[in-house]
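Asker: What follows is structure13.tsv, made up of TSV, C-alpha atoms:
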chain	number	residue	atom	x	y	z
A	1	MET	CA	3.36	21.94	13.41
A	2	VAL	CA	4.66	20.46	10.16
A	3	SER	CA	2.27	20.66	7.23
A	4	ARG	CA	1.69	17.37	5.44
A	5	VAL	CA	0.87	16.59	1.85
A	6	PRO	CA	-1.22	13.43	1.27
A	7	THR	CA	0.51	11.04	-1.11
A	8	GLY	CA	-2.68	9.67	-2.67
A	9	ILE	CA	-1.34	6.14	-2.10
A	10	PRO	CA	-3.96	4.32	0.04
A	11	GLY	CA	-2.35	2.83	3.14
A	12	LEU	CA	0.86	4.88	2.99
A	13	ASP	CA	0.03	8.16	4.70
A	14	GLU	CA	-0.89	6.54	8.01
A	15	LEU	CA	2.64	5.11	8.14
A	16	ILE	CA	4.44	8.41	7.62
A	17	GLY	CA	2.65	10.78	9.92
A	18	GLY	CA	-0.13	11.76	7.54
A	19	GLY	CA	1.79	12.41	4.33
A	20	LEU	CA	4.99	13.89	2.99
A	21	VAL	CA	6.36	16.99	4.65
A	22	GLN	CA	5.30	19.99	2.61
A	23	LYS	CA	8.02	21.27	0.25
A	24	SER	CA	10.20	18.25	0.96
A	25	THR	CA	12.13	16.23	-1.62
A	26	THR	CA	11.52	12.49	-1.89
A	27	ILE	CA	13.32	9.91	-3.97
A	28	VAL	CA	11.15	7.07	-5.24
A	29	GLU	CA	13.61	4.33	-6.02
A	30	GLY	CA	13.23	0.93	-7.64
A	31	GLY	CA	14.06	-1.35	-10.52
A	32	PRO	CA	12.37	-1.46	-13.92
A	33	GLY	CA	8.64	-2.15	-13.60
A	34	SER	CA	8.57	-1.47	-9.89
A	35	GLY	CA	5.90	1.22	-10.24
A	36	LYS	CA	7.91	4.43	-9.82
A	37	SER	CA	6.13	6.43	-12.52
A	38	ILE	CA	2.72	5.19	-11.38
A	39	PHE	CA	3.54	6.14	-7.78
A	40	CYS	CA	4.58	9.62	-8.90
A	41	MET	CA	1.59	10.27	-11.13
A	42	GLN	CA	-0.76	9.01	-8.42
A	43	PHE	CA	0.84	11.56	-6.11
A	44	LEU	CA	0.10	14.31	-8.64
A	45	VAL	CA	-3.45	13.07	-9.16
A	46	ALA	CA	-4.02	13.41	-5.38
A	47	GLY	CA	-2.99	17.04	-5.75
A	48	LEU	CA	-5.21	17.58	-8.78
A	49	LEU	CA	-8.17	16.21	-6.82
A	50	GLN	CA	-7.54	18.92	-4.23
A	51	GLY	CA	-7.46	21.58	-6.92
A	52	GLU	CA	-3.68	21.94	-6.92
A	53	SER	CA	-1.61	22.50	-10.03
A	54	CYS	CA	1.08	19.93	-10.72
A	55	LEU	CA	4.11	19.55	-12.97
A	56	PHE	CA	5.57	16.28	-14.25
A	57	ILE	CA	9.02	16.70	-15.79
A	58	SER	CA	10.23	13.75	-17.80
A	59	PHE	CA	13.84	13.33	-18.86
A	60	GLU	CA	13.20	10.04	-20.58
A	61	GLU	CA	9.85	10.03	-22.32
A	62	THR	CA	7.92	12.50	-24.36
A	63	THR	CA	4.70	13.98	-22.97
A	64	GLU	CA	2.66	11.72	-25.26
A	65	HIS	CA	4.46	8.61	-24.04
A	66	VAL	CA	4.04	9.52	-20.38
A	67	LEU	CA	0.28	9.98	-20.84
A	68	GLN	CA	0.02	6.91	-23.03
A	69	ASP	CA	1.80	4.69	-20.48
A	70	LEU	CA	-0.65	5.70	-17.76
A	71	ARG	CA	-3.83	5.70	-19.85
A	72	ASP	CA	-5.26	2.55	-18.22
A	73	PHE	CA	-5.61	4.18	-14.82
A	74	PRO	CA	-8.89	6.00	-14.13
A	75	TRP	CA	-7.25	9.40	-13.79
A	76	ASP	CA	-8.30	11.19	-17.00
A	77	LEU	CA	-4.93	12.91	-17.21
A	78	GLN	CA	-5.70	14.43	-20.60
A	79	LYS	CA	-8.56	16.38	-19.04
A	80	SER	CA	-6.22	17.84	-16.42
A	81	VAL	CA	-3.66	18.64	-19.11
A	82	ASP	CA	-6.32	20.37	-21.22
A	83	SER	CA	-7.46	22.43	-18.24
A	84	GLY	CA	-3.86	23.45	-17.53
A	85	LYS	CA	-3.85	22.04	-13.99
A	86	LEU	CA	-1.37	19.35	-15.02
A	87	GLN	CA	1.63	19.97	-17.19
A	88	VAL	CA	3.73	17.09	-18.44
A	89	THR	CA	6.93	18.46	-19.91
A	90	TYR	CA	9.69	16.60	-21.64
A	91	TYR	CA	13.19	18.00	-21.27
A	92	THR	CA	16.27	16.25	-22.48
A	93	PRO	CA	18.81	15.90	-19.66
A	94	GLU	CA	21.08	18.27	-21.64
A	95	GLN	CA	18.36	20.92	-21.63
A	96	VAL	CA	17.98	20.58	-17.88
A	97	ASN	CA	21.70	20.82	-17.40
A	98	GLN	CA	21.74	24.07	-19.37
A	99	LEU	CA	18.76	25.26	-17.34
A	100	LEU	CA	20.55	24.52	-14.09
A	101	GLU	CA	23.64	26.37	-15.23
A	102	THR	CA	21.45	29.42	-15.66
A	103	GLY	CA	19.72	28.88	-12.31
A	104	GLY	CA	16.82	26.73	-13.54
A	105	GLY	CA	14.86	29.82	-14.52
A	106	LEU	CA	12.64	28.24	-17.15
A	107	ILE	CA	11.32	25.51	-14.86
A	108	HIS	CA	10.96	28.02	-12.06
A	109	ASP	CA	8.91	30.27	-14.37
A	110	GLN	CA	6.80	27.30	-15.41
A	111	LEU	CA	6.11	26.33	-11.79
A	112	GLU	CA	5.37	29.89	-10.79
A	113	GLY	CA	3.19	30.53	-13.82
A	114	MET	CA	0.92	27.62	-12.95
A	115	ASN	CA	1.29	28.06	-9.17
A	116	ALA	CA	2.32	24.41	-8.88
A	117	ARG	CA	2.33	22.73	-5.48
A	118	ARG	CA	3.57	19.31	-6.55
A	119	LEU	CA	6.48	18.41	-8.79
A	120	VAL	CA	7.73	15.12	-10.19
A	121	ILE	CA	11.10	14.64	-11.87
A	122	ASP	CA	11.36	11.36	-13.77
A	123	SER	CA	14.19	10.39	-13.58
A	124	LEU	CA	17.39	11.27	-11.77
A	125	THR	CA	18.99	8.26	-13.45
A	126	ALA	CA	18.66	9.78	-16.91
A	127	PHE	CA	19.99	13.07	-15.60
A	128	SER	CA	23.01	11.54	-13.89
A	129	LEU	CA	23.96	9.62	-17.02
A	130	LEU	CA	25.07	12.92	-18.46
A	131	TYR	CA	28.02	12.87	-16.09
A	132	PRO	CA	30.40	9.98	-16.45
A	133	ARG	CA	32.63	11.22	-13.63
A	134	GLU	CA	31.46	10.70	-10.07
A	135	LEU	CA	32.48	14.14	-8.84
A	136	GLU	CA	30.73	15.94	-11.71
A	137	ARG	CA	27.66	13.80	-11.20
A	138	ARG	CA	27.50	14.64	-7.52
A	139	ARG	CA	27.87	18.34	-8.25
A	140	ALA	CA	25.15	18.26	-10.87
A	141	LEU	CA	22.76	16.34	-8.64
A	142	PHE	CA	23.53	18.72	-5.79
A	143	SER	CA	22.65	21.66	-8.08
A	144	LEU	CA	19.44	19.95	-9.11
A	145	PHE	CA	18.42	19.34	-5.49
A	146	GLU	CA	19.27	22.94	-4.62
A	147	ALA	CA	17.07	24.17	-7.45
A	148	VAL	CA	14.20	21.85	-6.52
A	149	ARG	CA	14.30	23.08	-2.92
A	150	ARG	CA	14.30	26.69	-4.15
A	151	TRP	CA	11.25	26.03	-6.29
A	152	GLY	CA	9.32	25.22	-3.11
A	153	CYS	CA	7.10	22.39	-4.31
A	154	THR	CA	6.60	19.05	-2.61
A	155	SER	CA	8.70	16.99	-4.97
A	156	LEU	CA	9.19	13.40	-5.97
A	157	MET	CA	12.16	12.26	-8.01
A	158	THR	CA	12.49	8.77	-9.42
A	159	LEU	CA	15.73	6.83	-9.31
A	160	GLU	CA	16.38	3.58	-11.07
A	161	SER	CA	18.29	1.09	-8.96
A	162	ASP	CA	18.09	-2.44	-7.69
A	163	PRO	CA	17.11	-2.15	-4.02
A	164	GLU	CA	17.29	-5.94	-3.65
A	165	ARG	CA	21.01	-6.20	-4.26
A	166	GLU	CA	22.74	-7.20	-1.08
A	167	GLU	CA	25.75	-5.05	-1.77
A	168	ARG	CA	23.44	-2.11	-2.26
A	169	ARG	CA	25.16	1.06	-1.09
A	170	ALA	CA	23.59	4.34	-0.26
A	171	LEU	CA	23.69	6.63	-3.27
A	172	SER	CA	24.78	10.20	-2.82
A	173	THR	CA	21.33	11.31	-3.95
A	174	GLU	CA	19.80	9.51	-0.99
A	175	PHE	CA	21.74	11.76	1.35
A	176	GLU	CA	20.49	14.86	-0.44
A	177	ALA	CA	16.80	13.93	-0.35
A	178	ASP	CA	14.59	14.44	2.68
A	179	SER	CA	12.94	11.07	2.12
A	180	VAL	CA	13.63	7.84	0.30
A	181	ILE	CA	10.93	5.33	-0.61
A	182	LEU	CA	12.02	2.00	-2.08
A	183	LEU	CA	9.75	-0.01	-4.35
A	184	TYR	CA	10.55	-3.71	-4.62
A	185	ASN	CA	9.40	-6.22	-7.18
A	186	GLN	CA	11.04	-9.23	-5.67
A	187	LYS	CA	11.54	-12.54	-7.41
A	188	ARG	CA	10.27	-15.54	-5.45
A	189	GLU	CA	10.91	-18.76	-7.30
A	190	HIS	CA	8.93	-18.24	-10.49
A	191	LEU	CA	6.83	-15.25	-9.45
A	192	ARG	CA	7.36	-11.71	-8.22
A	193	GLU	CA	5.89	-9.93	-5.23
A	194	ARG	CA	5.70	-6.19	-4.79
A	195	SER	CA	6.50	-4.36	-1.61
A	196	LEU	CA	7.42	-0.90	-0.36
A	197	GLU	CA	9.87	0.39	2.22
A	198	VAL	CA	10.23	3.86	3.69
A	199	LEU	CA	14.01	3.95	4.03
A	200	LYS	CA	14.27	7.48	5.31
A	201	MET	CA	11.93	10.36	6.10
A	202	ARG	CA	13.33	13.43	7.76
A	203	GLY	CA	11.03	14.97	10.32
A	204	SER	CA	8.69	11.98	10.44
A	205	ALA	CA	8.39	8.93	12.57
A	206	HIS	CA	7.86	6.17	10.05
A	207	THR	CA	7.49	2.43	9.93
A	208	ASN	CA	10.57	0.24	9.60
A	209	ARG	CA	8.58	-2.62	8.10
A	210	ILE	CA	8.63	-3.63	4.46
A	211	LEU	CA	5.00	-3.69	3.41
A	212	PRO	CA	3.06	-5.50	0.71
A	213	MET	CA	2.08	-3.33	-2.22
A	214	LYS	CA	-0.07	-3.93	-5.27
A	215	ILE	CA	-0.52	-2.16	-8.56
A	216	THR	CA	-4.23	-2.41	-9.27
A	217	SER	CA	-6.38	-0.97	-12.02
A	218	SER	CA	-6.97	2.08	-9.82
A	219	GLY	CA	-3.31	2.58	-8.90
A	220	ILE	CA	-0.92	1.58	-6.14
A	221	LEU	CA	-2.20	0.21	-2.83
A	222	VAL	CA	-0.09	-0.34	0.28
A	223	TYR	CA	-1.21	-2.73	3.01
A	224	PRO	CA	-0.02	-1.30	6.34
A	225	LYS	CA	-1.37	-4.13	8.48
A	226	GLU	CA	-0.08	-6.98	6.34
A	227	SER	CA	3.27	-8.74	6.23
A	228	VAL	CA	5.69	-9.73	3.51
A	229	PHE	CA	6.82	-13.36	3.73
B	1	MET	CA	-16.22	-28.66	19.27
B	2	GLU	CA	-19.23	-26.83	20.68
B	3	ASP	CA	-17.03	-24.23	22.35
B	4	PHE	CA	-15.37	-23.66	18.96
B	5	TRP	CA	-18.69	-23.07	17.22
B	6	GLN	CA	-19.68	-20.76	20.07
B	7	GLY	CA	-16.45	-18.81	19.59
B	8	GLN	CA	-14.95	-19.58	22.99
B	9	VAL	CA	-12.11	-21.46	21.32
B	10	ALA	CA	-10.85	-19.57	18.30
B	11	ILE	CA	-8.07	-21.60	16.70
B	12	VAL	CA	-8.19	-25.38	16.41
B	13	LEU	CA	-5.42	-27.48	14.90
B	14	LEU	CA	-6.69	-30.71	13.39
B	15	VAL	CA	-3.97	-33.29	12.87
B	16	LEU	CA	-5.18	-35.89	10.39
B	17	PRO	CA	-3.63	-39.22	9.53
B	18	ARG	CA	-2.45	-39.32	5.95
B	19	GLU	CA	-4.30	-42.56	5.15
B	20	GLN	CA	-7.62	-41.16	6.40
B	21	TYR	CA	-7.07	-37.61	5.26
B	22	HIS	CA	-9.91	-37.42	2.73
B	23	GLU	CA	-12.49	-39.12	4.93
B	24	ARG	CA	-11.66	-37.01	7.95
B	25	LEU	CA	-11.56	-33.85	5.89
B	26	ARG	CA	-15.00	-34.64	4.49
B	27	ASP	CA	-16.33	-34.94	8.06
B	28	VAL	CA	-14.76	-31.61	9.01
B	29	VAL	CA	-16.18	-29.85	5.95
B	30	SER	CA	-19.63	-31.33	6.56
B	31	ALA	CA	-19.54	-30.16	10.17
B	32	VAL	CA	-18.48	-26.66	9.10
B	33	ALA	CA	-21.13	-26.53	6.37
B	34	ALA	CA	-23.83	-27.56	8.83
B	35	ARG	CA	-23.22	-24.46	10.94
B	36	GLY	CA	-24.48	-22.12	8.24
B	37	GLU	CA	-21.66	-19.63	8.71
B	38	LYS	CA	-19.68	-18.04	5.90
B	39	VAL	CA	-16.50	-20.09	5.46
B	40	CYS	CA	-13.20	-19.10	3.89
B	41	TYR	CA	-11.87	-22.36	2.45
B	42	VAL	CA	-8.15	-22.10	1.71
B	43	THR	CA	-7.31	-24.92	-0.65
B	44	LEU	CA	-3.61	-25.54	-1.07
B	45	ASN	CA	-3.77	-29.07	-2.52
B	46	ARG	CA	-6.70	-29.30	-4.87
B	47	SER	CA	-8.34	-26.90	-7.26
B	48	TYR	CA	-11.25	-24.81	-6.09
B	49	ALA	CA	-13.47	-26.53	-8.67
B	50	LYS	CA	-12.70	-29.97	-7.28
B	51	VAL	CA	-13.32	-28.93	-3.66
B	52	ARG	CA	-16.52	-27.17	-4.62
B	53	GLU	CA	-17.71	-30.27	-6.47
B	54	GLU	CA	-17.02	-32.47	-3.44
B	55	ILE	CA	-18.87	-30.16	-1.07
B	56	SER	CA	-21.81	-30.09	-3.43
B	57	ALA	CA	-21.79	-33.90	-3.84
B	58	ALA	CA	-21.84	-34.28	-0.05
B	59	GLY	CA	-24.95	-32.09	0.08
B	60	GLY	CA	-23.18	-29.03	1.48
B	61	ALA	CA	-24.38	-25.53	0.67
B	62	VAL	CA	-21.51	-24.33	-1.51
B	63	GLY	CA	-22.94	-20.83	-1.43
B	64	GLN	CA	-21.71	-20.33	2.10
B	65	PHE	CA	-18.09	-21.03	1.06
B	66	PHE	CA	-15.59	-18.53	-0.28
B	67	PHE	CA	-12.46	-20.11	-1.71
B	68	LEU	CA	-8.82	-19.11	-1.78
B	69	ASP	CA	-7.10	-21.34	-4.27
B	70	THR	CA	-3.34	-21.75	-4.71
B	71	ALA	CA	-3.65	-24.92	-6.79
B	72	THR	CA	-5.36	-23.61	-9.93
B	73	PRO	CA	-2.79	-21.98	-12.21
B	74	PHE	CA	-2.83	-18.21	-12.28
B	75	GLY	CA	-4.35	-16.83	-15.45
B	76	SER	CA	-7.47	-18.95	-15.20
B	77	ARG	CA	-10.63	-16.91	-14.96
B	78	ALA	CA	-11.47	-16.25	-11.31
B	79	PRO	CA	-15.03	-17.16	-10.36
B	80	GLU	CA	-16.99	-14.85	-8.11
B	81	ASP	CA	-16.73	-17.03	-5.05
B	82	CYS	CA	-12.98	-17.52	-5.27
B	83	ILE	CA	-9.67	-15.69	-5.27
B	84	LEU	CA	-7.07	-17.45	-7.38
B	85	VAL	CA	-3.81	-16.86	-5.58
B	86	GLY	CA	-2.17	-18.90	-8.28
B	87	ASP	CA	0.75	-20.34	-6.42
B	88	ALA	CA	1.58	-21.54	-2.93
B	89	HIS	CA	4.87	-19.63	-3.19
B	90	ALA	CA	2.85	-16.41	-2.95
B	91	LEU	CA	2.38	-16.26	0.83
B	92	THR	CA	2.12	-12.47	0.87
B	93	GLU	CA	-0.63	-12.62	-1.72
B	94	LEU	CA	-2.34	-15.42	0.20
B	95	GLY	CA	-2.24	-13.29	3.36
B	96	LEU	CA	-3.92	-10.40	1.50
B	97	ALA	CA	-6.55	-12.81	0.17
B	98	VAL	CA	-7.33	-14.06	3.70
B	99	THR	CA	-7.88	-10.45	4.80
B	100	SER	CA	-10.13	-9.85	1.82
B	101	ALA	CA	-12.17	-13.00	2.63
B	102	ILE	CA	-12.67	-11.85	6.21
B	103	GLU	CA	-13.20	-8.13	5.70
B	104	GLU	CA	-14.93	-7.98	2.34
B	105	ARG	CA	-16.67	-11.35	2.17
B	106	GLY	CA	-17.63	-11.58	5.81
B	107	CYS	CA	-16.19	-15.03	6.45
B	108	SER	CA	-16.41	-15.99	10.12
B	109	ILE	CA	-14.53	-19.29	9.80
B	110	ALA	CA	-11.27	-19.92	7.94
B	111	LEU	CA	-10.38	-23.49	7.02
B	112	PHE	CA	-6.82	-24.20	5.88
B	113	ASP	CA	-6.52	-27.41	3.84
B	114	ALA	CA	-3.72	-28.12	4.53
B	115	VAL	CA	-1.05	-26.07	6.26
B	116	SER	CA	1.42	-28.92	5.80
B	117	THR	CA	1.41	-28.38	2.04
B	118	LEU	CA	3.14	-25.03	2.47
B	119	GLN	CA	6.25	-26.91	3.52
B	120	VAL	CA	6.63	-28.21	0.00
B	121	TYR	CA	7.16	-24.60	-1.10
B	122	HIS	CA	8.74	-22.85	1.89
B	123	PRO	CA	11.18	-23.50	4.71
B	124	ALA	CA	9.51	-24.40	8.01
B	125	ASN	CA	10.36	-21.07	9.66
B	126	VAL	CA	8.63	-19.14	6.84
B	127	VAL	CA	5.55	-21.36	7.11
B	128	LEU	CA	5.53	-20.79	10.84
B	129	MET	CA	5.77	-17.01	10.43
B	130	PHE	CA	2.87	-17.10	7.98
B	131	VAL	CA	0.76	-19.28	10.28
B	132	HIS	CA	1.50	-17.04	13.26
B	133	ALA	CA	0.62	-13.86	11.32
B	134	THR	CA	-2.56	-15.51	10.02
B	135	ILE	CA	-3.66	-16.67	13.46
B	136	THR	CA	-3.04	-13.16	14.81
B	137	LYS	CA	-5.14	-11.78	11.97
B	138	LEU	CA	-7.97	-14.25	12.62
B	139	ARG	CA	-7.99	-13.44	16.32
B	140	GLY	CA	-7.95	-9.71	15.58
B	141	HIS	CA	-11.05	-10.06	13.44
B	142	GLY	CA	-12.83	-12.49	15.76
B	143	THR	CA	-12.68	-15.12	13.03
B	144	LYS	CA	-12.48	-18.78	13.94
B	145	GLY	CA	-9.69	-20.86	12.39
B	146	LEU	CA	-9.44	-24.55	11.55
B	147	LEU	CA	-5.91	-25.50	10.61
B	148	ILE	CA	-5.48	-28.92	9.06
B	149	MET	CA	-2.12	-30.62	9.14
B	150	VAL	CA	-0.94	-34.00	8.02
B	151	PRO	CA	2.18	-34.98	9.96
B	152	GLU	CA	5.28	-36.54	8.45
B	153	GLN	CA	4.57	-34.70	5.24
B	154	ARG	CA	8.10	-33.39	5.72
B	155	ASP	CA	8.75	-32.41	9.26
B	156	SER	CA	6.35	-33.03	12.10
B	157	SER	CA	8.12	-30.46	14.28
B	158	LEU	CA	6.00	-27.92	12.41
B	159	VAL	CA	2.92	-29.56	13.90
B	160	LYS	CA	4.31	-29.01	17.39
B	161	ASP	CA	5.13	-25.38	16.59
B	162	VAL	CA	1.71	-24.66	15.11
B	163	ALA	CA	0.11	-26.40	18.09
B	164	MET	CA	1.81	-23.85	20.31
B	165	PHE	CA	-0.13	-21.03	18.60
B	166	SER	CA	-3.46	-22.88	18.63
B	167	ASP	CA	-6.09	-22.92	21.34
B	168	ARG	CA	-6.82	-26.60	20.89
B	169	VAL	CA	-5.22	-29.55	19.13
B	170	MET	CA	-7.32	-32.47	17.94
B	171	ASP	CA	-4.94	-35.22	16.94
B	172	PHE	CA	-6.60	-38.02	14.96
B	173	THR	CA	-3.33	-39.82	14.38
B	174	VAL	CA	-3.23	-41.21	17.91
B	175	GLY	CA	-5.49	-43.76	19.48
What does the file become when written as structure tokens?
Answerer:
Amino acid sequence: MVSRVPTGIPGLDELIGGGLVQKSTTIVEGGPGSGKSIFCMQFLVAGLLQGESCLFISFEETTEHVLQDLRDFPWDLQKSVDSGKLQVTYYTPEQVNQLLETGGGLIHDQLEGMNARRLVIDSLTAFSLLYPRELERRRALFSLFEAVRRWGCTSLMTLESDPEREERRALSTEFEADSVILLYNQKREHLRERSLEVLKMRGSAHTNRILPMKITSSGILVYPKESVF
Amino acid sequence: MEDFWQGQVAIVLLVLPREQYHERLRDVVSAVAARGEKVCYVTLNRSYAKVREEISAAGGAVGQFFFLDTATPFGSRAPEDCILVGDAHALTELGLAVTSAIEERGCSIALFDAVSTLQVYHPANVVLMFVHATITKLRGHGTKGLLIMVPEQRDSSLVKDVAMFSDRVMDFTVG
């Protein structure tokens, strides 16, 4: 039987067989302001609540900025950081590239040292910008995915894209990941409505419906019984 | 309507003539208020404050009403007995608000004033999908629904389509 890791997103787990497959890699994809970072941190908070250690690697923002951006949610992240259960580490994409060339040892040591079960990498977009050529980019992303799998955590990786574009094509990263979750913030006349889609989830029967989603003061909520119009 | 109040008929479509819309609506609201049940009043045309005032002026117990308001601009302060949906474009949000009114506020009747208004904001097929999903939701929760429509507001074929999903149609435009 496959072990599942609860996402911490109310309404989502019941749609994906109880949670993410343990040690799987999931891309959380969406446009700016779609809630990717919130989704990922909420996933880590669910782990912290179960006593797990968690690592958030940011390629874009410093540790202070990451914590500052999420300060309005009732998660008391600073407390978890102070206790050592949560580490928020800023690496420049160049640093990560160097790490990968040497087998990703430093991150591996960090994960092992804290016995982390959950990992977030925010974002693949920043990482891939290091490689202007498609072939190099694919190789680098492949190396990153290989390393993440080796590290053995249940991992989320954010990816900036516009899932609403009609000509949207599958990105090579989507083939590498075990699961892909799309976050929409769709424009309807003069307002926007949020929704979520599970595009792919290896090893799990999952819903094909696009579901309403909200970002509330306590985090992201998904409404499995509701419809998007 | 006795079988409606008793719950044997769950969804009633009330087709009101445009020229008597306010008078007929007042009668409907008075009848609903007299039952003493918790009512989810979905106001798509007028602000919550205006509807509330009218119910109160007619001697209705406003305390038994919970309002979903798409007419008051978003950003206004939401009162305790109302969810400001903010815009009739936001059908998804309105659907979530209906669920909240039923599940969290314990409303046993939902009154939609008026379904026809949605056609100003959405194509008929989208309105129909919303109405169908809402009726399914009401039935699933054992909540009674009163859907008010004013024909010729754009396309009366919507009335026929909504009638198909309803248990009973009361058409006040004929006879």
Asker: Which neighbours of Ser155 of chain A fall inside 8 Å, counting only C-alpha atoms, when residues of the same chain fewer than 4 positions from it are skipped, and could you give them as a list of chain:residue names?
Answerer: A:Lys23, A:Ser24, A:Thr25, A:Thr26, A:Arg118, A:Leu119, A:Val120, A:Ile121, A:Val148
Asker: Contacts from chain B to chain A, 9 Å maximum, all atoms listed in the file: show me the residue list as a list in words.
Answerer: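 Selected residues: Asp87, His89, Ala90, Leu91, Thr92, Glu93, Gly95, Leu96, Thr99, Val126, Val127, Met129, Phe130, Ala133 and Lys137 of chain B.
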Asker: Could you check which of B:Glu53, B:Gln8, B:Thr143, B:Leu16 is closest to Val169 of chain B, using all atoms listed in the file?
Answerer: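 With all atoms listed in the file as the atom set, the closest residue is B:Leu16.
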Asker: In Å, with one decimal, what is the gap from atom CA of Gln119 of chain B to atom CA of Ile148 of chain B?
Answerer: 13.1 Å
Asker: Got a sec: who's within 6 Å of segment 36-49 of chain B, counting all atoms listed in the file, leaving out chain neighbours fewer than 6 positions off, as a compact mmCIF listing (two decimals) with C-alpha atoms, in the coordinates of the input?
Answerer:
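The new file around-v5.txt reads:
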# COMPACT_ATOMS: atom_id res chain seq x y z
CA GLN B 64 -21.71 -20.33 2.10
CA PHE B 65 -18.09 -21.03 1.06
CA PHE B 66 -15.59 -18.53 -0.28
CA PHE B 67 -12.46 -20.11 -1.71
CA LEU B 68 -8.82 -19.11 -1.78
CA ASP B 69 -7.10 -21.34 -4.27
CA THR B 70 -3.34 -21.75 -4.71
CA ALA B 71 -3.65 -24.92 -6.79
CA THR B 72 -5.36 -23.61 -9.93
CA CYS B 107 -16.19 -15.03 6.45
CA SER B 108 -16.41 -15.99 10.12
CA ILE B 109 -14.53 -19.29 9.80
CA ALA B 110 -11.27 -19.92 7.94
CA LEU B 111 -10.38 -23.49 7.02
CA PHE B 112 -6.82 -24.20 5.88
CA ASP B 113 -6.52 -27.41 3.84
Asker: Skipping near chain neighbours, those fewer than 4 positions away, what residues fall within 7 Å of segment 86-93 of chain A using all atoms listed in the file, listed as number ranges by chain?
Answerer: A: 53-59, 61-63, 80-81, 97, 126-127
